Each structure stands twice: as structure tokens, then as C-alpha cells.
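Okay, model.pdb now, which holds PDB, C-alpha atoms, pLDDT in the B column:
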```
ATOM      1  CA  MET A   1     -62.950  45.983 -70.878  1.00 72.00           C
ATOM      2  CA  GLU A   2     -63.822  48.645 -73.460  1.00 85.00           C
ATOM      3  CA  PHE A   3     -60.132  49.532 -73.668  1.00 93.00           C
ATOM      4  CA  SER A   4     -58.456  46.316 -72.528  1.00 92.00           C
ATOM      5  CA  LEU A   5     -59.794  44.020 -75.225  1.00 90.00           C
ATOM      6  CA  PRO A   6     -58.983  46.319 -78.181  1.00 94.00           C
ATOM      7  CA  ALA A   7     -55.519  47.053 -76.756  1.00 96.00           C
ATOM      8  CA  ALA A   8     -54.820  43.330 -76.378  1.00 93.00           C
ATOM      9  CA  ILE A   9     -55.947  42.721 -79.954  1.00 92.00           C
ATOM     10  CA  VAL A  10     -53.872  45.575 -81.395  1.00 96.00           C
ATOM     11  CA  TYR A  11     -50.696  45.008 -79.351  1.00 97.00           C
ATOM     12  CA  GLY A  12     -50.898  41.252 -78.807  1.00 95.00           C
ATOM     13  CA  GLU A  13     -50.564  41.675 -75.051  1.00 92.00           C
ATOM     14  CA  LEU A  14     -51.952  43.727 -72.203  1.00 91.00           C
ATOM     15  CA  GLY A  15     -49.443  45.007 -69.696  1.00 90.00           C
ATOM     16  CA  LEU A  16     -48.327  48.271 -68.168  1.00 90.00           C
ATOM     17  CA  GLU A  17     -46.921  49.446 -71.505  1.00 91.00           C
ATOM     18  CA  GLN A  18     -50.406  49.422 -73.019  1.00 95.00           C
ATOM     19  CA  PHE A  19     -51.835  51.669 -70.309  1.00 94.00           C
ATOM     20  CA  THR A  20     -50.184  54.825 -71.623  1.00 94.00           C
ATOM     21  CA  ASP A  21     -51.632  57.874 -73.333  1.00 96.00           C
ATOM     22  CA  HIS A  22     -49.956  56.800 -76.575  1.00 96.00           C
ATOM     23  CA  CYS A  23     -51.690  53.402 -76.592  1.00 96.00           C
ATOM     24  CA  VAL A  24     -55.028  54.712 -75.349  1.00 95.00           C
ATOM     25  CA  LYS A  25     -55.071  57.324 -78.135  1.00 96.00           C
ATOM     26  CA  ASP A  26     -53.944  54.852 -80.815  1.00 97.00           C
ATOM     27  CA  PRO A  27     -56.494  55.192 -83.661  1.00 98.00           C
ATOM     28  CA  ARG A  28     -56.607  51.402 -84.106  1.00 97.00           C
ATOM     29  CA  VAL A  29     -57.541  50.928 -80.446  1.00 97.00           C
ATOM     30  CA  GLN A  30     -60.046  53.783 -80.572  1.00 97.00           C
ATOM     31  CA  SER A  31     -61.678  52.301 -83.679  1.00 95.00           C
ATOM     32  CA  LEU A  32     -62.097  48.899 -82.027  1.00 93.00           C
ATOM     33  CA  MET A  33     -63.434  50.520 -78.859  1.00 94.00           C
ATOM     34  CA  GLN A  34     -66.297  51.983 -80.877  1.00 93.00           C
ATOM     35  CA  ARG A  35     -67.325  48.493 -81.985  1.00 90.00           C
ATOM     36  CA  ILE A  36     -67.481  46.882 -78.552  1.00 87.00           C
ATOM     37  CA  SER A  37     -70.597  46.561 -76.466  1.00 85.00           C
ATOM     38  CA  LEU A  38     -70.687  45.191 -72.950  1.00 82.00           C
ATOM     39  CA  SER A  39     -73.454  43.583 -70.998  1.00 84.00           C
ATOM     40  CA  VAL A  40     -73.647  41.659 -67.745  1.00 81.00           C
ATOM     41  CA  ASP A  41     -74.472  38.008 -68.195  1.00 83.00           C
ATOM     42  CA  ASP A  42     -77.603  37.086 -66.202  1.00 84.00           C
ATOM     43  CA  GLU A  43     -75.868  34.061 -64.653  1.00 82.00           C
ATOM     44  CA  PHE A  44     -72.960  36.193 -63.458  1.00 78.00           C
ATOM     45  CA  ALA A  45     -75.232  39.008 -62.284  1.00 78.00           C
ATOM     46  CA  GLU A  46     -76.882  36.581 -59.866  1.00 79.00           C
ATOM     47  CA  LEU A  47     -73.476  35.774 -58.377  1.00 76.00           C
ATOM     48  CA  GLY A  48     -72.719  39.393 -57.519  1.00 72.00           C
ATOM     49  CA  PHE A  49     -69.091  40.323 -57.021  1.00 67.00           C
ATOM     50  CA  ILE A  50     -67.412  37.140 -55.851  1.00 69.00           C
ATOM     51  CA  GLY A  51     -63.802  38.082 -56.509  1.00 70.00           C
ATOM     52  CA  THR A  52     -63.141  35.475 -59.187  1.00 75.00           C
ATOM     53  CA  ALA A  53     -63.835  37.749 -62.202  1.00 78.00           C
ATOM     54  CA  PRO A  54     -65.797  35.264 -64.346  1.00 82.00           C
ATOM     55  CA  VAL A  55     -66.274  36.316 -67.963  1.00 85.00           C
ATOM     56  CA  LYS A  56     -68.061  35.233 -71.105  1.00 86.00           C
ATOM     57  CA  LEU A  57     -66.802  36.770 -74.310  1.00 86.00           C
ATOM     58  CA  THR A  58     -68.440  36.616 -77.712  1.00 87.00           C
ATOM     59  CA  LEU A  59     -66.539  38.027 -80.676  1.00 85.00           C
ATOM     60  CA  LYS A  60     -68.314  38.503 -83.977  1.00 86.00           C
ATOM     61  CA  THR A  61     -65.690  38.608 -86.711  1.00 84.00           C
ATOM     62  CA  ARG A  62     -65.870  39.208 -90.439  1.00 86.00           C
ATOM     63  CA  ASN A  63     -63.731  36.207 -91.356  1.00 89.00           C
ATOM     64  CA  LYS A  64     -64.132  33.605 -88.623  1.00 84.00           C
ATOM     65  CA  GLY A  65     -67.759  34.058 -87.640  1.00 90.00           C
ATOM     66  CA  ILE A  66     -68.533  33.979 -83.934  1.00 92.00           C
ATOM     67  CA  ILE A  67     -65.857  33.096 -81.405  1.00 89.00           C
ATOM     68  CA  PHE A  68     -67.017  32.316 -77.859  1.00 90.00           C
ATOM     69  CA  MET A  69     -64.835  32.125 -74.775  1.00 88.00           C
ATOM     70  CA  GLU A  70     -65.730  31.566 -71.145  1.00 89.00           C
ATOM     71  CA  ASN A  71     -63.483  31.751 -68.113  1.00 86.00           C
ATOM     72  CA  ARG A  72     -64.913  31.173 -64.656  1.00 85.00           C
ATOM     73  CA  MET A  73     -61.836  32.140 -62.673  1.00 83.00           C
ATOM     74  CA  ALA A  74     -59.318  34.908 -63.319  1.00 84.00           C
ATOM     75  CA  LYS A  75     -55.684  33.844 -63.349  1.00 87.00           C
ATOM     76  CA  GLY A  76     -54.003  34.925 -60.136  1.00 88.00           C
ATOM     77  CA  ASN A  77     -56.747  33.813 -57.766  1.00 86.00           C
ATOM     78  CA  PRO A  78     -55.650  31.443 -54.991  1.00 88.00           C
ATOM     79  CA  GLU A  79     -57.560  28.669 -56.773  1.00 87.00           C
ATOM     80  CA  LYS A  80     -55.807  29.469 -60.082  1.00 90.00           C
ATOM     81  CA  PRO A  81     -52.449  30.917 -59.048  1.00 93.00           C
ATOM     82  CA  LEU A  82     -49.785  32.415 -61.250  1.00 94.00           C
ATOM     83  CA  SER A  83     -46.752  30.217 -61.841  1.00 96.00           C
ATOM     84  CA  HIS A  84     -43.328  31.144 -60.463  1.00 95.00           C
ATOM     85  CA  ASP A  85     -42.293  32.365 -63.927  1.00 97.00           C
ATOM     86  CA  GLU A  86     -45.469  34.432 -64.359  1.00 95.00           C
ATOM     87  CA  ILE A  87     -44.948  36.116 -60.987  1.00 96.00           C
ATOM     88  CA  GLU A  88     -41.354  36.905 -61.894  1.00 96.00           C
ATOM     89  CA  GLU A  89     -42.337  38.249 -65.309  1.00 94.00           C
ATOM     90  CA  LYS A  90     -45.024  40.464 -63.784  1.00 94.00           C
ATOM     91  CA  PHE A  91     -42.639  41.721 -61.094  1.00 95.00           C
ATOM     92  CA  ARG A  92     -39.976  42.515 -63.697  1.00 95.00           C
ATOM     93  CA  ALA A  93     -42.474  44.466 -65.810  1.00 93.00           C
ATOM     94  CA  CYS A  94     -43.609  46.551 -62.836  1.00 93.00           C
ATOM     95  CA  ALA A  95     -40.217  46.994 -61.172  1.00 94.00           C
ATOM     96  CA  SER A  96     -38.443  47.971 -64.402  1.00 93.00           C
ATOM     97  CA  LYS A  97     -40.201  51.316 -64.226  1.00 89.00           C
ATOM     98  CA  VAL A  98     -38.305  52.281 -61.054  1.00 91.00           C
ATOM     99  CA  LEU A  99     -35.382  49.866 -60.570  1.00 92.00           C
ATOM    100  CA  ALA A 100     -32.297  48.959 -62.584  1.00 93.00           C
ATOM    101  CA  PHE A 101     -31.982  45.528 -64.199  1.00 95.00           C
ATOM    102  CA  ASP A 102     -29.264  44.449 -61.726  1.00 94.00           C
ATOM    103  CA  GLU A 103     -31.342  45.543 -58.744  1.00 93.00           C
ATOM    104  CA  ILE A 104     -34.301  43.519 -59.992  1.00 95.00           C
ATOM    105  CA  ASN A 105     -32.074  40.468 -60.473  1.00 95.00           C
ATOM    106  CA  GLN A 106     -30.836  40.793 -56.899  1.00 93.00           C
ATOM    107  CA  LEU A 107     -34.329  41.304 -55.497  1.00 93.00           C
ATOM    108  CA  ILE A 108     -36.127  38.410 -57.143  1.00 95.00           C
ATOM    109  CA  PRO A 109     -34.460  35.522 -55.280  1.00 93.00           C
ATOM    110  CA  ARG A 110     -34.668  37.436 -52.011  1.00 92.00           C
ATOM    111  CA  LEU A 111     -38.369  38.101 -52.474  1.00 92.00           C
ATOM    112  CA  PHE A 112     -39.139  34.507 -53.428  1.00 93.00           C
ATOM    113  CA  ASN A 113     -37.308  33.376 -50.297  1.00 91.00           C
ATOM    114  CA  LEU A 114     -38.507  36.124 -47.993  1.00 89.00           C
ATOM    115  CA  LYS A 115     -39.664  33.697 -45.309  1.00 89.00           C
ATOM    116  CA  SER A 116     -36.158  32.325 -44.919  1.00 90.00           C
ATOM    117  CA  GLN A 117     -34.518  35.762 -44.663  1.00 82.00           C
ATOM    118  CA  HIS A 118     -33.305  36.634 -41.173  1.00 85.00           C
ATOM    119  CA  SER A 119     -33.847  40.276 -41.970  1.00 87.00           C
ATOM    120  CA  VAL A 120     -35.529  42.243 -44.722  1.00 88.00           C
ATOM    121  CA  LYS A 121     -32.752  44.848 -44.545  1.00 88.00           C
ATOM    122  CA  SER A 122     -31.111  43.711 -47.812  1.00 83.00           C
ATOM    123  CA  VAL A 123     -34.447  43.855 -49.586  1.00 86.00           C
ATOM    124  CA  MET A 124     -35.214  47.295 -48.205  1.00 88.00           C
ATOM    125  CA  CYS A 125     -31.777  48.597 -49.173  1.00 85.00           C
ATOM    126  CA  LEU A 126     -32.314  47.542 -52.764  1.00 81.00           C
ATOM    127  CA  LEU A 127     -35.763  49.118 -52.805  1.00 82.00           C
ATOM    128  CA  SER A 128     -34.655  52.422 -51.317  1.00 82.00           C
ATOM    129  CA  HIS A 129     -31.441  52.861 -53.372  1.00 65.00           C
TER     130      HIS A 129
END
```

Please rewrite the model in this file as C-alpha cells.
Amino acid sequence: MEFSLPAAIVYGELGLEQFTDHCVKDPRVQSLMQRISLSVDDEFAELGFIGTAPVKLTLKTRNKGIIFMENRMAKGNPEKPLSHDEIEEKFRACASKVLAFDEINQLIPRLFNLKSQHSVKSVMCLLSH
């Protein structure tokens, strides 16, 4: 969280591209990191690790006062699943590091319909290029 929140503020998003040496060393991110303090909320501490990643966030700003946010369940849990489009977007972001655009476009429908595939050979061929 010490890095993730400042990176999201500076870059407007938090994805694989932000987890690079360049972004981590960005003076704007480093400056914000120095101004963040973390603590475990007593209510959440009693829960222990339950796999849902609940969070309470309090931001003290110069211009807008105090901003409070609470989220009891991280997006991507079975109870709060990613949408089809979000899964595709996340896959594209990850796969683009190792696969060509055309390969990704061929893989996506096959992966979404994996249960109906008679064989995973076509998927494996695209992955092993």
C-alpha cells in the first residue's frame, strides 16, 4: 500500500506498467510515499486474514479536507467477480509482455470458451509459439 496508493495517484491507474523501477523511483511517487502511514483497523484485525482484502482508507488533503473510503470486498473475489471486459483487459495487459497482439486476439475467445474446446492444443500452440 505504501507504493500502490501513491503510484495510483500519480499515474491515474495501477497496473503492471507502474511496477517498474522507473515508476518506483519516480520522485513524485517517492514524495507521496513519505507522507503515508498505515495502520490495521481494529475491526479488520479481529477478522484475521479472510481472503476478501477489506480496507478503510482515510485521505487528509490540503484542498478537500478528509476523504474516507471503505471497501469490504476486493474486486475479483468470487462474491465480487471481475466482468468479462475486466478479465479481458487484465489478460491483455499481462499477455502483451510476452505475446503479439494477433496471438492475444486469437487466444481470448479460446480461453473464454475453454470448456467447449475438444482439445487445448490450439491454445498451447499459441502460448508456446

- Considering only C-alpha atoms, return as a list in words whatever protein or nucleic-acid residues lie within 8 Å of Phe44 of chain A, sequence-local ones (same chain, fewer than 4 positions apart) excluded. Val40, Gly48 and Pro54 of chain A

Suppose we keep C-alpha atoms; can you now write the selection as an mmCIF file, keeping the file's coordinate frame?
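Below is the file selection-v1.cif, written as the result:
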```cif
data_model
loop_
_atom_site.group_PDB
_atom_site.id
_atom_site.type_symbol
_atom_site.label_atom_id
_atom_site.label_comp_id
_atom_site.auth_asym_id
_atom_site.auth_seq_id
_atom_site.Cartn_x
_atom_site.Cartn_y
_atom_site.Cartn_z
ATOM 1 C CA VAL A 40 -73.647 41.659 -67.745
ATOM 2 C CA GLY A 48 -72.719 39.393 -57.519
ATOM 3 C CA PRO A 54 -65.797 35.264 -64.346
#
```

Report the residues retrieved by the PyMOL selection byres ((chain A and resi 10) around 12) from the displayed file, expressed as a compact mmCIF listing (two decimals) with C-alpha atoms, in the coordinates of the input.
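Listed below is the output, selection30.txt:
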```
# COMPACT_ATOMS: atom_id res chain seq x y z
CA PHE A 3 -60.13 49.53 -73.67
CA SER A 4 -58.46 46.32 -72.53
CA LEU A 5 -59.79 44.02 -75.22
CA PRO A 6 -58.98 46.32 -78.18
CA ALA A 7 -55.52 47.05 -76.76
CA ALA A 8 -54.82 43.33 -76.38
CA ILE A 9 -55.95 42.72 -79.95
CA TYR A 11 -50.70 45.01 -79.35
CA GLY A 12 -50.90 41.25 -78.81
CA GLU A 13 -50.56 41.68 -75.05
CA LEU A 14 -51.95 43.73 -72.20
CA GLN A 18 -50.41 49.42 -73.02
CA CYS A 23 -51.69 53.40 -76.59
CA VAL A 24 -55.03 54.71 -75.35
CA ASP A 26 -53.94 54.85 -80.82
CA PRO A 27 -56.49 55.19 -83.66
CA ARG A 28 -56.61 51.40 -84.11
CA VAL A 29 -57.54 50.93 -80.45
CA GLN A 30 -60.05 53.78 -80.57
CA SER A 31 -61.68 52.30 -83.68
CA LEU A 32 -62.10 48.90 -82.03
CA MET A 33 -63.43 50.52 -78.86
```

- Query: Can you list what the PyMOL selection byres ((chain A and resi 107) around 12) grabs from this structure, as a ChimeraX atom specification?
  - Reply: /A:88,91-92,95-96,99-106,108-114,120-128

Hey, can you spit out that residue selection with C-alpha atoms as a PDB file, keeping the file's coordinate frame?
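Saved as out-v6.pdb:
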```
ATOM      1  CA  GLU A  88     -41.354  36.905 -61.894  1.00 96.00           C
ATOM      2  CA  PHE A  91     -42.639  41.721 -61.094  1.00 95.00           C
ATOM      3  CA  ARG A  92     -39.976  42.515 -63.697  1.00 95.00           C
ATOM      4  CA  ALA A  95     -40.217  46.994 -61.172  1.00 94.00           C
ATOM      5  CA  SER A  96     -38.443  47.971 -64.402  1.00 93.00           C
ATOM      6  CA  LEU A  99     -35.382  49.866 -60.570  1.00 92.00           C
ATOM      7  CA  ALA A 100     -32.297  48.959 -62.584  1.00 93.00           C
ATOM      8  CA  PHE A 101     -31.982  45.528 -64.199  1.00 95.00           C
ATOM      9  CA  ASP A 102     -29.264  44.449 -61.726  1.00 94.00           C
ATOM     10  CA  GLU A 103     -31.342  45.543 -58.744  1.00 93.00           C
ATOM     11  CA  ILE A 104     -34.301  43.519 -59.992  1.00 95.00           C
ATOM     12  CA  ASN A 105     -32.074  40.468 -60.473  1.00 95.00           C
ATOM     13  CA  GLN A 106     -30.836  40.793 -56.899  1.00 93.00           C
ATOM     14  CA  ILE A 108     -36.127  38.410 -57.143  1.00 95.00           C
ATOM     15  CA  PRO A 109     -34.460  35.522 -55.280  1.00 93.00           C
ATOM     16  CA  ARG A 110     -34.668  37.436 -52.011  1.00 92.00           C
ATOM     17  CA  LEU A 111     -38.369  38.101 -52.474  1.00 92.00           C
ATOM     18  CA  PHE A 112     -39.139  34.507 -53.428  1.00 93.00           C
ATOM     19  CA  ASN A 113     -37.308  33.376 -50.297  1.00 91.00           C
ATOM     20  CA  LEU A 114     -38.507  36.124 -47.993  1.00 89.00           C
ATOM     21  CA  VAL A 120     -35.529  42.243 -44.722  1.00 88.00           C
ATOM     22  CA  LYS A 121     -32.752  44.848 -44.545  1.00 88.00           C
ATOM     23  CA  SER A 122     -31.111  43.711 -47.812  1.00 83.00           C
ATOM     24  CA  VAL A 123     -34.447  43.855 -49.586  1.00 86.00           C
ATOM     25  CA  MET A 124     -35.214  47.295 -48.205  1.00 88.00           C
ATOM     26  CA  CYS A 125     -31.777  48.597 -49.173  1.00 85.00           C
ATOM     27  CA  LEU A 126     -32.314  47.542 -52.764  1.00 81.00           C
ATOM     28  CA  LEU A 127     -35.763  49.118 -52.805  1.00 82.00           C
ATOM     29  CA  SER A 128     -34.655  52.422 -51.317  1.00 82.00           C
TER      30      SER A 128
END
```

- Query: Pick from A:Glu17, A:His22, A:Glu2, A:Leu47: nearest to Arg35 of chain A, with all atoms listed in the file counted?
  - Reply: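 Closest candidate: A:Glu2.
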
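Of the listed residues (A:Val98, A:Met73, A:Leu59, A:Leu82), A:Leu59 comes nearest to Ile36 of chain A; the distances count only C-alpha atoms.
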
- Just how far from atom CA of Leu57 of chain A is atom CA of Met69 of chain A, in Å to one decimal?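 So the answer is 5.1 Å.
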
- Gap from atom CA of Gly76 of chain A to atom CA of Ser39 of chain A - Å, one decimal: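 We find that atom CA of Gly76 of chain A and atom CA of Ser39 of chain A lie 23.9 Å from each other.
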
Taking all atoms of segment 69-85 of chain A that the file lists and extending 3 Å past them on each side, where is the centre of the axis-aligned box and how long are its edges? Answer in Å to one decimal, as AutoDock Vina command-line options.
```
--center_x -54.0 --center_y 31.8 --center_z -64.9 --size_x 29.4 --size_y 12.3 --size_z 25.8
```

- Gap from atom CA of Gln34 of chain A to atom CA of Phe19 of chain A - Å, one decimal: 17.9 Å

- Message: My list of candidates is A:Lys56, A:His118, A:Lys97, A:Lys25. Which is closest to Ala74 of chain A when distances are computed with only C-alpha atoms?
- Response: A:Lys56

Using the atoms already present, construct N, CA, C and O atoms for segment 97-122 of chain A and hand them back as a PDB file, in the coordinates of the input.
```pdb
ATOM      1  N   LYS A  97     -39.856  49.897 -64.124  1.00 89.00           N
ATOM      2  CA  LYS A  97     -40.201  51.316 -64.226  1.00 89.00           C
ATOM      3  C   LYS A  97     -39.426  52.154 -63.209  1.00 89.00           C
ATOM      4  O   LYS A  97     -39.272  53.358 -63.387  1.00 89.00           O
ATOM      5  N   VAL A  98     -38.956  51.510 -62.122  1.00 91.00           N
ATOM      6  CA  VAL A  98     -38.305  52.281 -61.054  1.00 91.00           C
ATOM      7  C   VAL A  98     -36.965  51.710 -60.593  1.00 91.00           C
ATOM      8  O   VAL A  98     -36.249  52.373 -59.841  1.00 91.00           O
ATOM      9  N   LEU A  99     -36.625  50.493 -61.016  1.00 92.00           N
ATOM     10  CA  LEU A  99     -35.382  49.866 -60.570  1.00 92.00           C
ATOM     11  C   LEU A  99     -34.531  49.452 -61.770  1.00 92.00           C
ATOM     12  O   LEU A  99     -35.059  49.144 -62.842  1.00 92.00           O
ATOM     13  N   ALA A 100     -33.220  49.414 -61.549  1.00 93.00           N
ATOM     14  CA  ALA A 100     -32.297  48.959 -62.584  1.00 93.00           C
ATOM     15  C   ALA A 100     -32.370  47.439 -62.728  1.00 93.00           C
ATOM     16  O   ALA A 100     -32.762  46.728 -61.802  1.00 93.00           O
ATOM     17  N   PHE A 101     -31.974  46.957 -63.885  1.00 95.00           N
ATOM     18  CA  PHE A 101     -31.982  45.528 -64.199  1.00 95.00           C
ATOM     19  C   PHE A 101     -31.247  44.721 -63.130  1.00 95.00           C
ATOM     20  O   PHE A 101     -31.737  43.689 -62.668  1.00 95.00           O
ATOM     21  N   ASP A 102     -30.055  45.168 -62.737  1.00 94.00           N
ATOM     22  CA  ASP A 102     -29.264  44.449 -61.726  1.00 94.00           C
ATOM     23  C   ASP A 102     -29.970  44.411 -60.375  1.00 94.00           C
ATOM     24  O   ASP A 102     -29.902  43.408 -59.665  1.00 94.00           O
ATOM     25  N   GLU A 103     -30.613  45.504 -60.017  1.00 93.00           N
ATOM     26  CA  GLU A 103     -31.342  45.543 -58.744  1.00 93.00           C
ATOM     27  C   GLU A 103     -32.501  44.545 -58.752  1.00 93.00           C
ATOM     28  O   GLU A 103     -32.732  43.844 -57.763  1.00 93.00           O
ATOM     29  N   ILE A 104     -33.190  44.474 -59.860  1.00 95.00           N
ATOM     30  CA  ILE A 104     -34.301  43.519 -59.992  1.00 95.00           C
ATOM     31  C   ILE A 104     -33.781  42.093 -59.870  1.00 95.00           C
ATOM     32  O   ILE A 104     -34.351  41.269 -59.157  1.00 95.00           O
ATOM     33  N   ASN A 105     -32.659  41.811 -60.539  1.00 95.00           N
ATOM     34  CA  ASN A 105     -32.074  40.468 -60.473  1.00 95.00           C
ATOM     35  C   ASN A 105     -31.642  40.096 -59.067  1.00 95.00           C
ATOM     36  O   ASN A 105     -31.696  38.922 -58.690  1.00 95.00           O
ATOM     37  N   GLN A 106     -31.215  41.058 -58.284  1.00 93.00           N
ATOM     38  CA  GLN A 106     -30.836  40.793 -56.899  1.00 93.00           C
ATOM     39  C   GLN A 106     -32.068  40.619 -56.011  1.00 93.00           C
ATOM     40  O   GLN A 106     -32.053  39.829 -55.066  1.00 93.00           O
ATOM     41  N   LEU A 107     -33.112  41.353 -56.321  1.00 93.00           N
ATOM     42  CA  LEU A 107     -34.329  41.304 -55.497  1.00 93.00           C
ATOM     43  C   LEU A 107     -35.118  40.019 -55.658  1.00 93.00           C
ATOM     44  O   LEU A 107     -35.636  39.478 -54.682  1.00 93.00           O
ATOM     45  N   ILE A 108     -35.228  39.543 -56.864  1.00 95.00           N
ATOM     46  CA  ILE A 108     -36.127  38.410 -57.143  1.00 95.00           C
ATOM     47  C   ILE A 108     -35.866  37.204 -56.248  1.00 95.00           C
ATOM     48  O   ILE A 108     -36.794  36.722 -55.591  1.00 95.00           O
ATOM     49  N   PRO A 109     -34.644  36.696 -56.158  1.00 93.00           N
ATOM     50  CA  PRO A 109     -34.460  35.522 -55.280  1.00 93.00           C
ATOM     51  C   PRO A 109     -34.726  35.840 -53.811  1.00 93.00           C
ATOM     52  O   PRO A 109     -35.218  34.996 -53.064  1.00 93.00           O
ATOM     53  N   ARG A 110     -34.423  37.051 -53.406  1.00 92.00           N
ATOM     54  CA  ARG A 110     -34.668  37.436 -52.011  1.00 92.00           C
ATOM     55  C   ARG A 110     -36.164  37.495 -51.722  1.00 92.00           C
ATOM     56  O   ARG A 110     -36.610  37.102 -50.648  1.00 92.00           O
ATOM     57  N   LEU A 111     -36.917  38.008 -52.672  1.00 92.00           N
ATOM     58  CA  LEU A 111     -38.369  38.101 -52.474  1.00 92.00           C
ATOM     59  C   LEU A 111     -39.020  36.722 -52.491  1.00 92.00           C
ATOM     60  O   LEU A 111     -39.918  36.447 -51.698  1.00 92.00           O
ATOM     61  N   PHE A 112     -38.572  35.847 -53.385  1.00 93.00           N
ATOM     62  CA  PHE A 112     -39.139  34.507 -53.428  1.00 93.00           C
ATOM     63  C   PHE A 112     -38.791  33.696 -52.181  1.00 93.00           C
ATOM     64  O   PHE A 112     -39.476  32.734 -51.857  1.00 93.00           O
ATOM     65  N   ASN A 113     -37.732  34.086 -51.507  1.00 91.00           N
ATOM     66  CA  ASN A 113     -37.308  33.376 -50.297  1.00 91.00           C
ATOM     67  C   ASN A 113     -37.424  34.269 -49.065  1.00 91.00           C
ATOM     68  O   ASN A 113     -36.667  34.115 -48.111  1.00 91.00           O
ATOM     69  N   LEU A 114     -38.362  35.143 -49.068  1.00 89.00           N
ATOM     70  CA  LEU A 114     -38.507  36.124 -47.993  1.00 89.00           C
ATOM     71  C   LEU A 114     -38.701  35.469 -46.629  1.00 89.00           C
ATOM     72  O   LEU A 114     -38.149  35.932 -45.629  1.00 89.00           O
ATOM     73  N   LYS A 115     -39.419  34.371 -46.589  1.00 89.00           N
ATOM     74  CA  LYS A 115     -39.664  33.697 -45.309  1.00 89.00           C
ATOM     75  C   LYS A 115     -38.379  33.188 -44.663  1.00 89.00           C
ATOM     76  O   LYS A 115     -38.284  33.103 -43.443  1.00 89.00           O
ATOM     77  N   SER A 116     -37.402  32.854 -45.471  1.00 90.00           N
ATOM     78  CA  SER A 116     -36.158  32.325 -44.919  1.00 90.00           C
ATOM     79  C   SER A 116     -35.127  33.420 -44.620  1.00 90.00           C
ATOM     80  O   SER A 116     -34.056  33.125 -44.096  1.00 90.00           O
ATOM     81  N   GLN A 117     -35.433  34.649 -44.954  1.00 82.00           N
ATOM     82  CA  GLN A 117     -34.518  35.762 -44.663  1.00 82.00           C
ATOM     83  C   GLN A 117     -34.546  36.072 -43.173  1.00 82.00           C
ATOM     84  O   GLN A 117     -35.612  36.133 -42.567  1.00 82.00           O
ATOM     85  N   HIS A 118     -33.377  36.260 -42.585  1.00 85.00           N
ATOM     86  CA  HIS A 118     -33.305  36.634 -41.173  1.00 85.00           C
ATOM     87  C   HIS A 118     -33.732  38.082 -40.977  1.00 85.00           C
ATOM     88  O   HIS A 118     -34.228  38.450 -39.917  1.00 85.00           O
ATOM     89  N   SER A 119     -33.526  38.857 -42.032  1.00 87.00           N
ATOM     90  CA  SER A 119     -33.847  40.276 -41.970  1.00 87.00           C
ATOM     91  C   SER A 119     -34.268  40.722 -43.371  1.00 87.00           C
ATOM     92  O   SER A 119     -33.793  40.177 -44.367  1.00 87.00           O
ATOM     93  N   VAL A 120     -35.123  41.698 -43.424  1.00 88.00           N
ATOM     94  CA  VAL A 120     -35.529  42.243 -44.722  1.00 88.00           C
ATOM     95  C   VAL A 120     -34.667  43.457 -45.087  1.00 88.00           C
ATOM     96  O   VAL A 120     -34.932  44.140 -46.052  1.00 88.00           O
ATOM     97  N   LYS A 121     -33.611  43.684 -44.328  1.00 88.00           N
ATOM     98  CA  LYS A 121     -32.752  44.848 -44.545  1.00 88.00           C
ATOM     99  C   LYS A 121     -32.179  44.875 -45.965  1.00 88.00           C
ATOM    100  O   LYS A 121     -32.184  45.910 -46.621  1.00 88.00           O
ATOM    101  N   SER A 122     -31.699  43.731 -46.462  1.00 83.00           N
ATOM    102  CA  SER A 122     -31.111  43.711 -47.812  1.00 83.00           C
ATOM    103  C   SER A 122     -32.155  44.023 -48.877  1.00 83.00           C
ATOM    104  O   SER A 122     -31.864  44.677 -49.867  1.00 83.00           O
TER     105      SER A 122
END
```
